[in-house]
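To start, the structure under review is shown below, and the notes come after it.
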Amino acid sequence: MFDKIEVLTMSILDKVVRWFVGLLFIFSGLVKLNDPMGTAIKMEEYFEVFSTDISSIFHYLIPFALSIGLVVVILEILLGVAVLINYRMHLTTWVLLLLIIFFTFLTFYSAAFNKVTDCGCFGDAIPLNPWQSFIKDIVLLLLAIYLFMRRRKYTPTWSNRVGNFILSSILILNLWIAYYAIEHLPFIDFRPYKIGTNIKLSMQPSEEYQYKYIMEQDGEHYEFDNYPTDTSYTFVEMILLNPEAEPKITDYSIWNEDGDFTEESFNGAKLLIVFSDVLKSRYNKVGEINDLANEIKNNVESWVITANNEETYENFRHEYQIPLPYFYADGTVIKAMIRANPGLILMKDGVILGKWHNNDIPSKEDITELIN
């Protein structure tokens with residue numbers, strides 16, 4: 001009797017662990033596959049940290065961040081599917097365990113040494129701080145160890161031939177999704193600069209901040225909702241009680257040699273032509289963008305936004321005859337605004353109305369329709 005209960009319990013536990021790990025890997029992979037450029041940026045962060053802290057060899061991996069990121073992300077999805085269909089569990093659980101160990105090392109390193117403040121485990125959809133990421137990976141590591149120890153208990157759902165076909169089909173589909181997201185824009189924009197965002201409002205708290213004040217008196221700690229007027233208390237700490245009220249955008253700033261133009265960018269209709277780096281941009285798109293800016297100039301003011309210095313952009317501007325005013329922004333902010341180089345962002349009174357990759361340059365009619 002007890003043996004049957006034990007067998008039934010283990011059977012249920014096997015399924016629960018397998019489905020939890022499989023679905024979590026698929027979800028994690030798909031979120032990052034939605035934004036391959038964002039994943040590449042995160043990989044570059046890790047490589048830069050490791051090149052300083054561990055070995056300079058990681059510096060040479062930075063140009064391959066996109067390719068390496070795609071391999072890891074697609075492997076996540078394939079492993080998730082393989083676990084769900086019990087595909088070659090001896091091999092699958094080995095690879096799964098090694099990948100989890102690798103992830104756990106990354107998140108521990110980030111948490112312990114405060115190096116990369118967001119691991120990017122779930123892309124920009126679910127931001128996690130380093131310690132949250134590490135705890136998540138510890139749980140996954142324990143579950144992966146369980147699957148590894150029980151790997152001989154899992155019977156394949158289909159034959160290896162069918163399993164090969166399923167995984168091959170998913171691989172091809174993932175490659176197409178990655179290609180589309182790179183050559184156009186992410187299917188879902190999880191960044192603060194998504195269409196519909198009012199940048200000016202997003203730079204302000206959504207509600208009044210609420211604080212808790214920790215004070216000390218005679219070696220004892222006391223909590224107050226308001227700062228005490230009694231001078232016998234010594235200030236220890238101020239804790240924000242509603243962090244969700246903090247601005248969603250804190251780093252948007254546009255300027256040039258004439259001053260700050262952040263506020264001016266919120267006035268009227270603006271087409272921001274964004275270059276994260278003109279030296280790595282797609283030059284063949286500049287003529288088409290120039291034509292668009294000229295066609296809409298009576299209704300929309302076109303600005304070039306770049307992270308390059310003045311000398312670099314001036315050389316680029318003269319070479320490609322770009323007759324538009326240009327401004328500067330932080331490179332990290334530009335990459336957060338749009339995953340294209342160059343990319344186009346249409347705003348009206350600070351509200352983002354449209355975003356386009358350089359492969360999808362809109363027509364004058366598209367712009368007119370959006371601003372009216």
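In the structure tokens, chains take letters A, B, ... by order of appearance, with residues numbered from 1 within each chain and ligands from 1 in the order shown.
Neighbouring residues of Ser11 of chain A at 12 Å or closer, counting only C-alpha atoms and skipping chain neighbours under 5 positions away, are Lys4, Ile5, Glu6, Val16, Val17, Arg18, Arg150, Lys153, Tyr154 and Thr155 of chain A.
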9 Å contact set for segment 111-123 of chain A, only C-alpha atoms, chain neighbours under 5 positions out, as a PyMOL selection string = chain A and resi 27-35+38-39+42+45-46+49+103+106+128-134+190
Save the residues we just selected, N, CA and C atoms, as a short mmCIF file (atom, residue, chain, number, x, y, z; two decimals), in the first residue's frame?
```cif
data_model
loop_
_atom_site.label_atom_id
_atom_site.label_comp_id
_atom_site.auth_asym_id
_atom_site.auth_seq_id
_atom_site.Cartn_x
_atom_site.Cartn_y
_atom_site.Cartn_z
N PHE A 27 9.61 29.87 -21.59
CA PHE A 27 9.21 31.26 -21.37
C PHE A 27 10.42 32.18 -21.32
N SER A 28 11.43 31.79 -20.56
CA SER A 28 12.65 32.60 -20.43
C SER A 28 13.32 32.81 -21.79
N GLY A 29 13.38 31.74 -22.57
CA GLY A 29 14.00 31.83 -23.88
C GLY A 29 13.22 32.69 -24.85
N LEU A 30 11.89 32.53 -24.86
CA LEU A 30 11.06 33.29 -25.80
C LEU A 30 11.09 34.79 -25.49
N VAL A 31 11.10 35.14 -24.21
CA VAL A 31 11.15 36.55 -23.84
C VAL A 31 12.42 37.19 -24.36
N LYS A 32 13.52 36.46 -24.26
CA LYS A 32 14.80 37.01 -24.75
C LYS A 32 14.90 36.93 -26.26
N LEU A 33 14.28 35.91 -26.86
CA LEU A 33 14.30 35.79 -28.32
C LEU A 33 13.49 36.90 -28.96
N ASN A 34 12.51 37.41 -28.23
CA ASN A 34 11.71 38.53 -28.70
C ASN A 34 12.58 39.77 -28.94
N ASP A 35 13.71 39.86 -28.23
CA ASP A 35 14.57 41.04 -28.31
C ASP A 35 16.04 40.61 -28.34
N GLY A 38 18.63 43.24 -27.34
CA GLY A 38 18.70 43.46 -25.90
C GLY A 38 19.52 42.38 -25.21
N THR A 39 19.36 41.14 -25.66
CA THR A 39 20.16 40.04 -25.11
C THR A 39 21.63 40.25 -25.42
N LYS A 42 23.12 42.74 -23.07
CA LYS A 42 23.39 42.15 -21.76
C LYS A 42 24.63 41.27 -21.79
N GLU A 45 27.65 43.37 -21.57
CA GLU A 45 27.91 43.81 -20.19
C GLU A 45 28.72 42.76 -19.43
N TYR A 46 28.30 41.50 -19.55
CA TYR A 46 29.01 40.43 -18.87
C TYR A 46 30.45 40.30 -19.40
N VAL A 49 32.66 43.03 -18.04
CA VAL A 49 33.00 42.80 -16.63
C VAL A 49 34.05 41.70 -16.51
N PHE A 103 24.45 29.53 -15.55
CA PHE A 103 23.60 30.67 -15.18
C PHE A 103 23.77 31.03 -13.70
N LEU A 106 26.86 33.02 -13.16
CA LEU A 106 26.71 34.40 -13.62
C LEU A 106 25.94 35.24 -12.61
N LEU A 128 14.80 41.47 -12.71
CA LEU A 128 15.16 40.88 -11.42
C LEU A 128 16.48 41.48 -10.96
N ASN A 129 16.58 41.77 -9.66
CA ASN A 129 17.87 42.21 -9.16
C ASN A 129 18.79 41.00 -9.01
N PRO A 130 20.09 41.20 -8.82
CA PRO A 130 21.04 40.07 -8.82
C PRO A 130 20.72 38.98 -7.81
N TRP A 131 20.32 39.34 -6.59
CA TRP A 131 20.05 38.31 -5.59
C TRP A 131 18.76 37.57 -5.91
N GLN A 132 17.76 38.23 -6.44
CA GLN A 132 16.55 37.52 -6.88
C GLN A 132 16.89 36.53 -7.99
N SER A 133 17.74 36.95 -8.91
CA SER A 133 18.16 36.07 -10.01
C SER A 133 18.92 34.86 -9.48
N PHE A 134 19.79 35.10 -8.51
CA PHE A 134 20.58 34.01 -7.94
C PHE A 134 19.69 33.00 -7.22
N PHE A 190 9.03 45.74 -24.36
CA PHE A 190 8.93 45.78 -22.90
C PHE A 190 9.68 46.98 -22.31
#
```
Counting only C-alpha atoms, what is within 9 Å of segment 321-338 of chain A, bar same-chain residues fewer than 4 positions away, as an MDAnalysis selection string?
-> chainID A and resid 37:38 41 185 191:194 251:257 261 274:277 286:287 290 293 302:310 313 316:317 342:345 355:357
Hey, what's within 7 Å of segment 90-102 of chain A if we count only C-alpha atoms and toss same-chain stuff fewer than 6 positions away? As a CSV table (one decimal) with N, CA, C and O atoms, in the first residue's frame, please?
```csv
chain,number,residue,atom,x,y,z
A,79,LEU,N,15.9,23.1,-25.0
A,79,LEU,CA,16.0,22.2,-23.7
A,79,LEU,C,14.6,22.2,-23.1
A,79,LEU,O,14.2,21.1,-22.6
A,82,ALA,N,12.5,19.8,-25.1
A,82,ALA,CA,13.0,18.5,-24.9
A,82,ALA,C,12.6,17.9,-23.6
A,82,ALA,O,12.3,16.7,-23.5
A,137,ASP,N,17.9,30.9,-9.7
A,137,ASP,CA,18.8,29.9,-10.3
A,137,ASP,C,19.1,28.8,-9.3
A,137,ASP,O,19.3,27.6,-9.8
A,141,LEU,N,18.5,25.0,-10.1
A,141,LEU,CA,19.6,24.1,-10.0
A,141,LEU,C,19.1,22.8,-9.3
A,141,LEU,O,19.5,21.7,-9.7
A,144,ALA,N,16.9,20.9,-11.5
A,144,ALA,CA,17.7,20.2,-12.6
A,144,ALA,C,18.4,19.0,-12.0
A,144,ALA,O,18.6,18.0,-12.7
A,145,ILE,N,18.9,19.1,-10.8
A,145,ILE,CA,19.6,18.0,-10.2
A,145,ILE,C,18.6,16.8,-10.0
A,145,ILE,O,18.9,15.6,-10.2
A,147,LEU,N,15.9,16.3,-11.9
A,147,LEU,CA,15.6,15.7,-13.2
A,147,LEU,C,16.8,14.8,-13.6
A,147,LEU,O,16.6,13.7,-14.2
A,148,PHE,N,18.0,15.2,-13.3
A,148,PHE,CA,19.2,14.5,-13.7
A,148,PHE,C,19.2,13.1,-12.9
A,148,PHE,O,19.5,12.1,-13.5
A,151,ARG,N,16.5,10.8,-14.4
A,151,ARG,CA,16.5,10.8,-15.9
A,151,ARG,C,16.1,9.4,-16.5
A,151,ARG,O,15.5,9.4,-17.5
```
Contacts of segment 232-239 of chain A within 9 Å, only C-alpha atoms, excl. fewer than 4 positions in-chain, as a PyMOL selection string | chain A and resi 210-218+221-222+228
File of the preceding selection, all heavy atoms, as a CSV table (one decimal), in the first residue's frame:
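The resulting result_34.csv:
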```csv
chain,number,residue,atom,x,y,z
A,210,GLN,N,6.0,57.9,-0.3
A,210,GLN,CA,5.7,57.7,1.1
A,210,GLN,C,7.0,57.1,1.7
A,210,GLN,O,7.5,56.1,1.2
A,210,GLN,CB,4.5,56.7,1.3
A,210,GLN,CG,3.2,57.3,0.7
A,210,GLN,CD,2.1,56.3,0.7
A,210,GLN,OE1,2.1,55.3,1.5
A,210,GLN,NE2,1.1,56.4,-0.2
A,211,TYR,N,7.4,57.6,2.9
A,211,TYR,CA,8.6,57.1,3.5
A,211,TYR,C,8.4,56.6,4.9
A,211,TYR,O,7.4,57.0,5.6
A,211,TYR,CB,9.6,58.3,3.5
A,211,TYR,CG,10.1,58.8,2.2
A,211,TYR,CD1,9.5,59.9,1.6
A,211,TYR,CD2,11.1,58.1,1.5
A,211,TYR,CE1,10.0,60.4,0.4
A,211,TYR,CE2,11.5,58.5,0.3
A,211,TYR,CZ,11.0,59.7,-0.3
A,211,TYR,OH,11.4,60.1,-1.5
A,212,LYS,N,9.3,55.8,5.3
A,212,LYS,CA,9.4,55.4,6.7
A,212,LYS,C,10.7,55.8,7.2
A,212,LYS,O,11.7,55.5,6.6
A,212,LYS,CB,9.2,53.9,6.9
A,212,LYS,CG,9.3,53.4,8.3
A,212,LYS,CD,8.9,51.9,8.4
A,212,LYS,CE,9.8,51.0,7.6
A,212,LYS,NZ,9.5,49.6,7.7
A,213,TYR,N,10.8,56.5,8.4
A,213,TYR,CA,12.0,57.0,8.9
A,213,TYR,C,12.5,56.1,10.1
A,213,TYR,O,11.7,55.9,11.0
A,213,TYR,CB,11.9,58.5,9.4
A,213,TYR,CG,11.5,59.4,8.2
A,213,TYR,CD1,10.1,59.7,8.0
A,213,TYR,CD2,12.4,60.0,7.5
A,213,TYR,CE1,9.8,60.5,6.9
A,213,TYR,CE2,12.1,60.8,6.4
A,213,TYR,CZ,10.8,61.1,6.1
A,213,TYR,OH,10.4,61.9,5.1
A,214,ILE,N,13.7,55.7,10.0
A,214,ILE,CA,14.3,54.9,11.1
A,214,ILE,C,15.2,55.8,11.9
A,214,ILE,O,16.1,56.4,11.3
A,214,ILE,CB,15.1,53.7,10.6
A,214,ILE,CG1,14.2,52.9,9.5
A,214,ILE,CG2,15.5,52.8,11.7
A,214,ILE,CD1,13.0,52.3,10.1
A,215,MET,N,14.8,56.0,13.2
A,215,MET,CA,15.6,56.9,14.0
A,215,MET,C,16.2,56.1,15.2
A,215,MET,O,15.6,55.0,15.6
A,215,MET,CB,14.7,58.0,14.5
A,215,MET,CG,13.9,58.7,13.5
A,215,MET,SD,14.9,59.6,12.3
A,215,MET,CE,15.6,60.9,13.3
A,216,GLU,N,17.2,56.6,15.8
A,216,GLU,CA,17.8,55.9,17.0
A,216,GLU,C,17.8,56.9,18.2
A,216,GLU,O,18.1,58.1,18.1
A,216,GLU,CB,19.2,55.5,16.7
A,216,GLU,CG,19.9,54.8,17.8
A,216,GLU,CD,21.3,54.4,17.4
A,216,GLU,OE1,21.7,54.6,16.2
A,216,GLU,OE2,22.1,53.9,18.3
A,217,GLN,N,17.5,56.3,19.4
A,217,GLN,CA,17.6,57.0,20.6
A,217,GLN,C,18.0,56.1,21.7
A,217,GLN,O,17.3,55.0,21.9
A,217,GLN,CB,16.2,57.7,20.9
A,217,GLN,CG,16.3,58.6,22.2
A,217,GLN,CD,14.9,59.1,22.5
A,217,GLN,OE1,14.0,58.3,22.8
A,217,GLN,NE2,14.7,60.4,22.4
A,218,ASP,N,19.0,56.4,22.4
A,218,ASP,CA,19.5,55.5,23.5
A,218,ASP,C,19.8,54.1,23.1
A,218,ASP,O,19.4,53.1,23.8
A,218,ASP,CB,18.6,55.6,24.7
A,218,ASP,CG,18.4,57.0,25.3
A,218,ASP,OD1,19.4,57.8,25.2
A,218,ASP,OD2,17.3,57.3,25.7
A,221,HIS,N,16.1,51.5,18.1
A,221,HIS,CA,15.6,52.0,16.8
A,221,HIS,C,14.1,52.2,16.9
A,221,HIS,O,13.3,51.4,17.4
A,221,HIS,CB,15.9,51.0,15.7
A,221,HIS,CG,17.4,51.1,15.3
A,221,HIS,ND1,17.9,50.4,14.2
A,221,HIS,CD2,18.4,51.8,15.8
A,221,HIS,CE1,19.2,50.7,14.1
A,221,HIS,NE2,19.5,51.5,15.1
A,222,TYR,N,13.6,53.3,16.3
A,222,TYR,CA,12.2,53.6,16.2
A,222,TYR,C,11.8,54.0,14.8
A,222,TYR,O,12.6,54.5,14.0
A,222,TYR,CB,11.9,54.8,17.1
A,222,TYR,CG,12.2,54.6,18.6
A,222,TYR,CD1,13.5,54.9,19.1
A,222,TYR,CD2,11.3,54.0,19.5
A,222,TYR,CE1,13.8,54.6,20.4
A,222,TYR,CE2,11.6,53.8,20.8
A,222,TYR,CZ,12.8,54.1,21.3
A,222,TYR,OH,13.2,53.9,22.6
A,228,PRO,N,10.6,63.0,12.8
A,228,PRO,CA,10.4,63.6,14.1
A,228,PRO,C,11.0,64.9,14.3
A,228,PRO,O,12.1,65.2,13.8
A,228,PRO,CB,10.9,62.5,15.1
A,228,PRO,CG,12.0,61.8,14.2
A,228,PRO,CD,11.5,61.8,12.8
```
Out of segment 46-158 of chain A, which residues get helix (DSSP H, G or I) from DSSP, as a PyMOL selection string?
-> chain A and resi 46-53+56-84+89-113+130-149+151-153
Pick out each residue of segment 228-271 of chain A that DSSP on the backbone tags as strand (DSSP E or B); I need them as a ChimeraX atom specification.
-> /A:234-240,255-256,259-260,269-271
Requested write-out: all heavy atoms of the selected residues, as a CSV table (one decimal), in the first residue's frame:
```csv
chain,number,residue,atom,x,y,z
A,234,THR,N,18.4,60.3,16.5
A,234,THR,CA,19.5,60.4,15.5
A,234,THR,C,19.0,59.6,14.3
A,234,THR,O,18.5,58.5,14.4
A,234,THR,CB,20.7,59.7,16.0
A,234,THR,OG1,21.2,60.4,17.2
A,234,THR,CG2,21.9,59.8,15.0
A,235,PHE,N,19.1,60.3,13.1
A,235,PHE,CA,18.7,59.7,11.9
A,235,PHE,C,19.5,58.5,11.5
A,235,PHE,O,20.7,58.5,11.6
A,235,PHE,CB,18.7,60.7,10.7
A,235,PHE,CG,18.4,60.1,9.4
A,235,PHE,CD1,17.1,59.9,9.0
A,235,PHE,CD2,19.4,59.8,8.5
A,235,PHE,CE1,16.8,59.4,7.7
A,235,PHE,CE2,19.1,59.3,7.2
A,235,PHE,CZ,17.8,59.1,6.9
A,236,VAL,N,18.8,57.4,11.1
A,236,VAL,CA,19.5,56.1,10.7
A,236,VAL,C,19.3,55.8,9.3
A,236,VAL,O,20.2,55.6,8.5
A,236,VAL,CB,19.0,54.9,11.6
A,236,VAL,CG1,19.7,53.6,11.1
A,236,VAL,CG2,19.4,55.2,13.1
A,237,GLU,N,18.0,55.8,8.9
A,237,GLU,CA,17.7,55.4,7.5
A,237,GLU,C,16.3,55.9,7.1
A,237,GLU,O,15.4,56.1,7.9
A,237,GLU,CB,17.7,53.9,7.4
A,237,GLU,CG,17.5,53.3,6.0
A,237,GLU,CD,17.5,51.8,6.0
A,237,GLU,OE1,17.5,51.2,7.1
A,237,GLU,OE2,17.5,51.2,4.9
A,238,MET,N,16.1,56.2,5.8
A,238,MET,CA,14.8,56.6,5.2
A,238,MET,C,14.5,55.5,4.2
A,238,MET,O,15.2,55.3,3.2
A,238,MET,CB,14.9,58.0,4.6
A,238,MET,CG,13.6,58.5,4.0
A,238,MET,SD,13.7,60.2,3.5
A,238,MET,CE,14.8,60.0,2.0
A,239,ILE,N,13.3,54.9,4.3
A,239,ILE,CA,12.9,53.8,3.5
A,239,ILE,C,11.7,54.2,2.6
A,239,ILE,O,10.7,54.7,3.2
A,239,ILE,CB,12.6,52.5,4.3
A,239,ILE,CG1,13.8,52.1,5.1
A,239,ILE,CG2,12.1,51.4,3.4
A,239,ILE,CD1,13.5,50.9,6.0
A,240,LEU,N,11.8,54.1,1.3
A,240,LEU,CA,10.7,54.4,0.4
A,240,LEU,C,9.7,53.2,0.5
A,240,LEU,O,10.0,52.1,0.2
A,240,LEU,CB,11.2,54.6,-1.0
A,240,LEU,CG,10.1,54.9,-2.1
A,240,LEU,CD1,9.5,56.2,-1.8
A,240,LEU,CD2,10.8,54.9,-3.5
A,255,TRP,N,20.7,67.0,-25.7
A,255,TRP,CA,21.4,68.2,-25.6
A,255,TRP,C,22.4,68.4,-26.8
A,255,TRP,O,22.6,67.4,-27.5
A,255,TRP,CB,22.3,68.3,-24.3
A,255,TRP,CG,23.4,67.3,-24.3
A,255,TRP,CD1,24.7,67.6,-24.7
A,255,TRP,CD2,23.4,65.9,-24.0
A,255,TRP,NE1,25.5,66.5,-24.6
A,255,TRP,CE2,24.8,65.5,-24.1
A,255,TRP,CE3,22.5,65.0,-23.5
A,255,TRP,CZ2,25.1,64.1,-23.9
A,255,TRP,CZ3,22.8,63.7,-23.3
A,255,TRP,CH2,24.1,63.3,-23.5
A,256,ASN,N,22.9,69.6,-27.0
A,256,ASN,CA,24.0,69.9,-27.9
A,256,ASN,C,24.8,71.0,-27.3
A,256,ASN,O,24.6,71.4,-26.2
A,256,ASN,CB,23.5,70.1,-29.3
A,256,ASN,CG,22.7,71.3,-29.5
A,256,ASN,OD1,22.7,72.2,-28.6
A,256,ASN,ND2,22.0,71.4,-30.6
A,259,GLY,N,23.0,73.9,-25.5
A,259,GLY,CA,22.3,73.7,-24.2
A,259,GLY,C,21.5,72.4,-24.2
A,259,GLY,O,21.6,71.5,-25.0
A,260,ASP,N,20.6,72.4,-23.2
A,260,ASP,CA,19.7,71.2,-23.0
A,260,ASP,C,18.4,71.4,-23.8
A,260,ASP,O,17.7,72.4,-23.7
A,260,ASP,CB,19.4,71.0,-21.5
A,260,ASP,CG,18.6,69.8,-21.2
A,260,ASP,OD1,17.4,69.7,-21.5
A,260,ASP,OD2,19.2,68.8,-20.8
A,269,ALA,N,5.2,68.0,-33.0
A,269,ALA,CA,5.5,66.7,-33.6
A,269,ALA,C,7.0,66.7,-33.9
A,269,ALA,O,7.6,67.6,-34.6
A,269,ALA,CB,4.7,66.6,-34.9
A,270,LYS,N,7.7,65.6,-33.5
A,270,LYS,CA,9.1,65.4,-33.8
A,270,LYS,C,9.3,64.0,-34.3
A,270,LYS,O,8.8,63.0,-33.9
A,270,LYS,CB,9.9,65.5,-32.5
A,270,LYS,CG,9.8,66.9,-31.8
A,270,LYS,CD,10.7,67.9,-32.4
A,270,LYS,CE,10.9,69.2,-31.6
A,270,LYS,NZ,9.6,69.9,-31.3
A,271,LEU,N,10.2,64.0,-35.4
A,271,LEU,CA,10.7,62.7,-35.8
A,271,LEU,C,12.1,62.6,-35.4
A,271,LEU,O,13.0,63.3,-35.9
A,271,LEU,CB,10.6,62.6,-37.4
A,271,LEU,CG,11.1,61.2,-37.9
A,271,LEU,CD1,10.2,60.1,-37.5
A,271,LEU,CD2,11.2,61.3,-39.5
```
Distance of atom CA of Leu175 of chain A from atom CA of Val71 of chain A, expressed in Å to one decimal place | 9.9 Å
Excluding same-chain residues fewer than 4 positions from Asp366 of chain A, what lies within 12 Å of it counting only C-alpha atoms, as a PyMOL selection string?
-> chain A and resi 292+295-296+346+353-356+360-362+370-372
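From atom CA of Thr104 of chain A back to atom CA of Ser56 of chain A, the distance works out to 22.0 Å.
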Quick one: distance from atom CA of Trp19 of chain A to atom CA of Gly69 of chain A in Å, one decimal?
-> 24.5 Å
Fewer than 2 positions away in the same chain doesn't count, so skip those; otherwise give me all residues within 10 Å of His184 of chain A, counting only C-alpha atoms, as a VMD selection string.
-> chain A and resid 178 to 182 186 to 187 339 to 340 343 356 to 360
Could you write out the selected residues, including N, CA, C and O atoms, as a compact mmCIF listing (two decimals), in the first residue's frame?
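Listing of out_14.txt after writing:
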```txt
# COMPACT_ATOMS: atom_id res chain seq x y z
N ALA A 178 14.13 35.20 -34.49
CA ALA A 178 15.31 36.00 -34.18
C ALA A 178 15.65 36.93 -35.35
O ALA A 178 15.93 38.12 -35.15
N TYR A 179 15.62 36.38 -36.55
CA TYR A 179 15.93 37.18 -37.74
C TYR A 179 14.95 38.35 -37.87
O TYR A 179 15.36 39.50 -38.12
N TYR A 180 13.67 38.08 -37.70
CA TYR A 180 12.66 39.12 -37.84
C TYR A 180 12.85 40.22 -36.79
O TYR A 180 12.77 41.42 -37.10
N ALA A 181 13.10 39.81 -35.55
CA ALA A 181 13.26 40.79 -34.46
C ALA A 181 14.51 41.65 -34.66
O ALA A 181 14.53 42.82 -34.28
N ILE A 182 15.55 41.08 -35.26
CA ILE A 182 16.78 41.83 -35.51
C ILE A 182 16.60 42.77 -36.69
O ILE A 182 17.03 43.94 -36.64
N PRO A 186 11.49 44.27 -32.02
CA PRO A 186 10.88 43.21 -31.20
C PRO A 186 9.36 43.15 -31.38
O PRO A 186 8.71 44.18 -31.59
N PHE A 187 8.83 41.93 -31.32
CA PHE A 187 7.38 41.75 -31.47
C PHE A 187 6.64 42.50 -30.36
O PHE A 187 5.60 43.11 -30.59
N ARG A 339 15.68 49.50 -30.90
CA ARG A 339 16.68 48.49 -31.24
C ARG A 339 16.99 48.53 -32.73
O ARG A 339 16.83 47.55 -33.46
N ALA A 340 17.42 49.67 -33.20
CA ALA A 340 17.80 49.81 -34.60
C ALA A 340 18.81 50.93 -34.72
O ALA A 340 18.80 51.88 -33.94
N GLY A 343 17.25 54.16 -36.20
CA GLY A 343 15.84 53.89 -35.99
C GLY A 343 15.08 55.19 -35.99
O GLY A 343 15.66 56.27 -35.79
N TRP A 356 10.09 52.77 -35.88
CA TRP A 356 10.36 51.99 -37.08
C TRP A 356 11.84 51.62 -37.15
O TRP A 356 12.73 52.44 -36.87
N HIS A 357 12.09 50.41 -37.56
CA HIS A 357 13.43 49.97 -37.92
C HIS A 357 13.79 50.58 -39.26
O HIS A 357 12.91 50.98 -40.04
N ASN A 358 15.08 50.68 -39.56
CA ASN A 358 15.47 51.26 -40.85
C ASN A 358 15.06 50.40 -42.04
O ASN A 358 15.11 50.84 -43.18
N ASN A 359 14.65 49.17 -41.79
CA ASN A 359 14.11 48.33 -42.86
C ASN A 359 12.63 48.58 -43.12
O ASN A 359 12.05 48.01 -44.06
N ASP A 360 12.02 49.39 -42.26
CA ASP A 360 10.58 49.64 -42.36
C ASP A 360 10.28 51.13 -42.33
O ASP A 360 9.36 51.57 -41.64
```
